[in-house]
Amino acid sequence: MASRPLSEIAKTIRSKNAGVDRITFDVIFADRTAYDHVRHSGVLSRAAVCQVFGIEDACITDYVEFDPALAIKFTIRRTSPSGSPGDADIFGSQHSGPLLGIMVPGEGPDDR
Amino acid sequence: MPVSIQQRRSAEPSLRIVCPNGHLGFAPIKPGSFAIGCAAEPDLICADSGSCDVGPGPLGADVSSSPRQWQVQDLEAMLLAARRLGVPMIIGSAGDTGSNSRVDLFVEIIRDLARKHRLAKFRLGHFYSEIAKDELRRRMAAGAAIEGLDERAALDLATLDATDRIVAVAGVHPYIKLLDAGADVIIGGRSSDCAIFAAPAIRRGFPPALAYFYGKILECASFCAEPYAAKESVLGEITMDDVKVTAMLPEQRCTIASVAGHAMYERANPFYEHFLGGHIDMRDCRYEQYDERTVRITGPRYVAAEELRVKLEGSGKIGERYVGIVGVRDPYTIAHIDEVIAWARRQAEEQLPAGGWELHFTVYGRNAILGELEPLKASPAHELGIVVQAIAPTRELAEEACMIGTRQMFYARLPAVKGTAGGIAFLLDEVMPASPAYRWTINHTLPLADPLELFPTFVTEAGV
């Protein structure tokens, strides 16, 4: 079964400030099958987030699966508060970029 | 399927609010869906105008982040509709920051609009949210613990001294007080987004759990609907048993996914929403598709705070700022860009007095946006854009530091460079003055005895 990038499976992949000291990430799916497939695949987890961004687990303040929204959501600490000199993403809205290319192993909804 | 709440009000006692904009003034209200919302018998028209997203600059410098004309346009649309319908209008966190000057600005705009349109006299309420540094210092001296949020250390005097302006984040209390005083239009200082909508609902006796959830889901207007379309109106209805929200733009729907997805927007955790006086627990919320474009929500729980603590937001100036922009195309220079930057920084250190200034190099094409978090930082693009920011106590020093940081990249000495006519490309051989640099110095909480003590309220008359 072919792997596919997360961007082809998730409906929404976004990041945004959660207060001035944190950035939160939402990966939202259009249907339960895709949501279950990705969360059971292991490609998104606290450890995977640490690996993608090169951060310690302690930098992740929240990591939850939120069933009503079919969403995987996690939050990290900012290296400096939003809008400090040198911060080039004041809204935190482009930090989700590296998530789009995460490869998800097959046996997803389209591989059945 | 039941009749849409857009067409018919619930048989139970209910309170209906139209929200036309999630950050009033930041981008204009779309009039089409707002007109549809106003035709759906709202009991109030409410919008939040604040956001920390604009960074620490506006609060520190005490300015708005958008042109006055945009604020006037949105306030005009809301004021005329509210007065025509004879329903209250509430604006929270006036002018992005909710500082005193922004409240005064919005109050003045409302007065001007009332005169311009010769509106019949109405009661105009407002409240302030700033807390003076000296007042906070006095409270700290009296033993108040100013605890940090998000793992920040408790506030110390040095950080307070480095702060220019502080706002406290109000809860529902000043809004309720002003509604009790008969205000037809309320301009609020900094406050929790959800409080603007929760206040009239709580005042009418609806359960706080539902009322705060109602606020949370309405405050960003059409962000709780799909497909994505900002600045469109949504209509909410609260009863004793549930909250319903429906999209007013015909092309948009509120769906379980869009509403639940929005319930977790911009917050670290989807289950809790904190405000002055308590929080709501949304773990057991149930979302149902009520009609094609409406979602019904039940099940949030309200938890009163054991200790009353108000959130404080503070911004402090770091210095004056200049900006330079350069590009790089030479592959060898790109591969050694950190050495080029180090060279430029060293020249600044040699030419300028020590301390008091700082240089920031933001490397677009490599890792400008994510910095150290960028997984691809070892594989830069074939060309780079570098933004140089210099920050210093005076404009003169900031300009000079920026000029050194920018121009000296041109002269960087790399051992094997082939091009000896200049190491970088200039977009402009100049540096440009930018807004001063600020930082969020305060993201803390302060204990309060009374939820109104920092938020003085005023009622005046407007109209002719």
# chains A, B, ... in the order shown; residues from 1 in each chain; ligands from 1

$ interface_residues --of "chain A" --to "chain B" --cutoff "8 Å" --atoms "only C-alpha atoms" --output "ChimeraX atom specification"
/A:16-24,28,30,52-55,61-62,64,66,68-71,73-75,81-91,94-95,98

$ write_last_selection --atoms "C-alpha atoms" --output "PDB file, in the first residue's frame"
ATOM      1  CA  LYS A  16      -2.033  29.667  15.257  1.00  0.00           C
ATOM      2  CA  ASN A  17      -1.029  31.518  18.398  1.00  0.00           C
ATOM      3  CA  ALA A  18      -2.611  30.236  21.584  1.00  0.00           C
ATOM      4  CA  GLY A  19      -1.821  33.260  23.692  1.00  0.00           C
ATOM      5  CA  VAL A  20       1.479  35.081  23.238  1.00  0.00           C
ATOM      6  CA  ASP A  21       3.762  32.302  24.444  1.00  0.00           C
ATOM      7  CA  ARG A  22       2.436  29.277  22.551  1.00  0.00           C
ATOM      8  CA  ILE A  23       1.558  28.008  19.103  1.00  0.00           C
ATOM      9  CA  THR A  24      -1.157  25.430  18.660  1.00  0.00           C
ATOM     10  CA  ILE A  28      -8.610  18.012  11.182  1.00  0.00           C
ATOM     11  CA  ALA A  30     -13.264  15.099   7.008  1.00  0.00           C
ATOM     12  CA  VAL A  52       9.713  17.048  13.111  1.00  0.00           C
ATOM     13  CA  PHE A  53      10.553  20.275  14.921  1.00  0.00           C
ATOM     14  CA  GLY A  54      13.698  19.118  16.718  1.00  0.00           C
ATOM     15  CA  ILE A  55      12.300  19.952  20.144  1.00  0.00           C
ATOM     16  CA  THR A  61       2.326  21.626  26.505  1.00  0.00           C
ATOM     17  CA  ASP A  62      -0.733  19.755  25.202  1.00  0.00           C
ATOM     18  CA  VAL A  64      -4.920  15.595  22.480  1.00  0.00           C
ATOM     19  CA  PHE A  66     -10.474  15.638  19.963  1.00  0.00           C
ATOM     20  CA  PRO A  68     -16.036  15.830  18.146  1.00  0.00           C
ATOM     21  CA  ALA A  69     -13.900  17.735  15.633  1.00  0.00           C
ATOM     22  CA  LEU A  70     -12.109  14.632  14.263  1.00  0.00           C
ATOM     23  CA  ALA A  71      -8.940  16.469  15.141  1.00  0.00           C
ATOM     24  CA  LYS A  73      -4.326  18.934  18.326  1.00  0.00           C
ATOM     25  CA  PHE A  74      -1.055  19.822  19.980  1.00  0.00           C
ATOM     26  CA  THR A  75       0.534  22.936  21.393  1.00  0.00           C
ATOM     27  CA  PRO A  81       6.854  35.611  22.722  1.00  0.00           C
ATOM     28  CA  SER A  82       5.010  36.455  19.504  1.00  0.00           C
ATOM     29  CA  GLY A  83       6.162  39.653  17.860  1.00  0.00           C
ATOM     30  CA  SER A  84       9.489  39.837  19.684  1.00  0.00           C
ATOM     31  CA  PRO A  85      12.297  41.139  17.447  1.00  0.00           C
ATOM     32  CA  GLY A  86      13.343  38.350  15.113  1.00  0.00           C
ATOM     33  CA  ASP A  87      10.027  36.498  15.329  1.00  0.00           C
ATOM     34  CA  ALA A  88       8.951  36.199  11.702  1.00  0.00           C
ATOM     35  CA  ASP A  89       5.580  34.524  12.334  1.00  0.00           C
ATOM     36  CA  ILE A  90       3.708  36.868  14.646  1.00  0.00           C
ATOM     37  CA  PHE A  91       0.370  35.018  14.245  1.00  0.00           C
ATOM     38  CA  GLN A  94       2.893  29.248   9.122  1.00  0.00           C
ATOM     39  CA  HIS A  95       4.402  26.882  11.668  1.00  0.00           C
ATOM     40  CA  PRO A  98       6.378  20.934   8.046  1.00  0.00           C
TER      41      PRO A  98
END

$ residues_around --residues "range 410-424 of chain B" --least-positions-apart "3" --cutoff "6 Å" --atoms "only C-alpha atoms" --output "list in words"
Gly327, Val328, Val340, Trp343 and Arg407 of chain B

$ residues_around --residues "Ile196 in chain B" --least-positions-apart "2" --cutoff "10 Å" --atoms "only C-alpha atoms" --output "list in words"
Cys46, Ala47, Asp48, Ile90, Ile91, Gly92, Ser93, Ala170, Gly171, Val172, His173, Pro174, Tyr175, Ile176, Ile186, Gly188, Ser191, Ser192, Asp193, Cys194, Ala198, Ala199, Pro200, Ala201, Tyr212, Gly215, Lys216, Leu218 and Glu219 of chain B

$ atom_distance --atom1 "CA of Gly60 in chain B" --atom2 "CA of Ala398 in chain B"
18.8 Å

$ atom_distance --atom1 "CA of Val234 in chain B" --atom2 "CA of Ala247 in chain B"
4.7 Å

$ select_by_dssp --residues "range 165-268 of chain B" --states "alpha helix (DSSP H)" --output "JSON, numbers by chain"
{"B": [173, 174, 175, 176, 177, 178, 179, 180, 195, 196, 197, 198, 199, 200, 201, 202, 203, 208, 209, 210, 211, 212, 213, 214, 215, 216, 217, 218, 256, 257, 258, 259, 260, 261, 262, 263]}

$ residues_around --residues "Ala145 in chain B" --least-positions-apart "2" --cutoff "9 Å" --atoms "only C-alpha atoms" --output "PDB file with C-alpha atoms, in the first residue's frame"
ATOM      1  CA  ARG B 139      -0.234  45.932  44.872  1.00  0.00           C
ATOM      2  CA  MET B 140       3.030  44.017  44.529  1.00  0.00           C
ATOM      3  CA  GLY B 143       2.088  41.369  48.777  1.00  0.00           C
ATOM      4  CA  GLU B 147       1.714  34.780  38.833  1.00  0.00           C
ATOM      5  CA  ALA B 154       6.091  35.546  38.675  1.00  0.00           C
ATOM      6  CA  LEU B 155       6.271  39.232  37.767  1.00  0.00           C
ATOM      7  CA  THR B 445      -2.590  37.008  36.569  1.00  0.00           C
ATOM      8  CA  LEU B 446      -3.387  39.296  39.475  1.00  0.00           C
ATOM      9  CA  PRO B 447      -5.677  38.425  42.410  1.00  0.00           C
TER      10      PRO B 447
END

$ atom_distance --atom1 "CA of Val3 in chain B" --atom2 "CA of Ala77 in chain B"
28.4 Å

$ select_by_dssp --residues "range 3-95 of chain A" --states "strand (DSSP E or B)" --output "ChimeraX atom specification"
/A:4-5,12-17,22-28,60-66,71-77

$ write_last_selection --atoms "C-alpha atoms" --output "PDB file, in the first residue's frame"
ATOM      1  CA  ARG A   4       0.574   9.379   1.138  1.00  0.00           C
ATOM      2  CA  PRO A   5       1.424  12.795   2.569  1.00  0.00           C
ATOM      3  CA  THR A  12      -7.300  21.159   7.579  1.00  0.00           C
ATOM      4  CA  ILE A  13      -3.720  21.520   8.768  1.00  0.00           C
ATOM      5  CA  ARG A  14      -3.192  24.803  10.582  1.00  0.00           C
ATOM      6  CA  SER A  15      -1.211  26.536  13.282  1.00  0.00           C
ATOM      7  CA  LYS A  16      -2.033  29.667  15.257  1.00  0.00           C
ATOM      8  CA  ASN A  17      -1.029  31.518  18.398  1.00  0.00           C
ATOM      9  CA  ARG A  22       2.436  29.277  22.551  1.00  0.00           C
ATOM     10  CA  ILE A  23       1.558  28.008  19.103  1.00  0.00           C
ATOM     11  CA  THR A  24      -1.157  25.430  18.660  1.00  0.00           C
ATOM     12  CA  PHE A  25      -1.550  23.022  15.758  1.00  0.00           C
ATOM     13  CA  ASP A  26      -4.807  21.490  14.482  1.00  0.00           C
ATOM     14  CA  VAL A  27      -4.943  18.552  12.075  1.00  0.00           C
ATOM     15  CA  ILE A  28      -8.610  18.012  11.182  1.00  0.00           C
ATOM     16  CA  ILE A  60       4.875  20.275  24.054  1.00  0.00           C
ATOM     17  CA  THR A  61       2.326  21.626  26.505  1.00  0.00           C
ATOM     18  CA  ASP A  62      -0.733  19.755  25.202  1.00  0.00           C
ATOM     19  CA  TYR A  63      -1.338  16.826  22.873  1.00  0.00           C
ATOM     20  CA  VAL A  64      -4.920  15.595  22.480  1.00  0.00           C
ATOM     21  CA  GLU A  65      -7.168  13.748  20.100  1.00  0.00           C
ATOM     22  CA  PHE A  66     -10.474  15.638  19.963  1.00  0.00           C
ATOM     23  CA  ALA A  71      -8.940  16.469  15.141  1.00  0.00           C
ATOM     24  CA  ILE A  72      -5.462  15.867  16.433  1.00  0.00           C
ATOM     25  CA  LYS A  73      -4.326  18.934  18.326  1.00  0.00           C
ATOM     26  CA  PHE A  74      -1.055  19.822  19.980  1.00  0.00           C
ATOM     27  CA  THR A  75       0.534  22.936  21.393  1.00  0.00           C
ATOM     28  CA  ILE A  76       4.170  23.937  21.738  1.00  0.00           C
ATOM     29  CA  ARG A  77       5.992  26.684  23.568  1.00  0.00           C
TER      30      ARG A  77
END
